[in-house]
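What follows is a single structure, written as structure tokens, with notes after it.
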Amino acid sequence: MVLRIVFGMNLKYYRTRQGLTQEEAAAKCDISSEYWGKMERGAQAATIDTVEKVSAGLNIKAKDLLNENNW
């Protein structure tokens, strides 16, 4: 599977698991909600810096954002 799709699926999984909207999660991670939505749909690839921001903002390990077995 394409890694950006896996990342997007994991974004949605962890976001919804924490009961956050895309806008709330994006704000928590200091990322624009437009960028968040594109990443979640797999339309935009994330940079390593963004993976770090999401990991810190959602309080999860960066490796979990790239793991196909989360959902």
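Each chain of the structure tokens is named A, B, ... in the order shown, its residues numbered from 1; ligands are numbered from 1 in display order.
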
(Q) Please list as a list of chain:residue names every residue within 9 Å of Lys12 of chain A, counting only C-alpha atoms and excluding residues in the same chain fewer than 4 positions away. (A) A:Phe7, A:Gly8, A:Thr16, A:Arg17, A:Gln22, A:Glu40, A:Arg41

Q: For Tyr35 of chain A, please output as an NGL selection string all residues within 12 Å (counting only C-alpha atoms; exclusion window: fewer than 2 positions along the same chain).
A: :A and (8 or 11 or 22-23 or 25-27 or 29-33 or 37-47 or 50 or 54)

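Close contacts of Val6 of chain A, defined as residues with an atom at most 10 Å away when counting only C-alpha atoms, with chain neighbours fewer than 3 positions off set aside, comprise A:Met1, A:Val2, A:Leu3, A:Met9, A:Asn10, A:Leu11, A:Glu40, A:Arg41, A:Gly42, A:Leu65, A:Leu66, A:Asn67, A:Glu68, A:Asn69, A:Asn70, A:Trp71.
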
Q.
What parts of chain A does DSSP call helix (DSSP H, G or I)? I'd like the answer as a PyMOL selection string.
A. chain A and resi 3-17+22-28+33-41+48-58+62-65+68-70

Q: May I ask for the distance between atom CA of Gln18 of chain A and atom CA of Ile60 of chain A, given in Å to one decimal place?
A: 11.1 Å

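Between atom CA of Leu20 of chain A and atom CA of Asp49 of chain A the separation is 21.3 Å.
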
Q) Any idea what the distance is between atom CA of Gly57 of chain A and atom CA of Lys28 of chain A? A) 5.5 Å
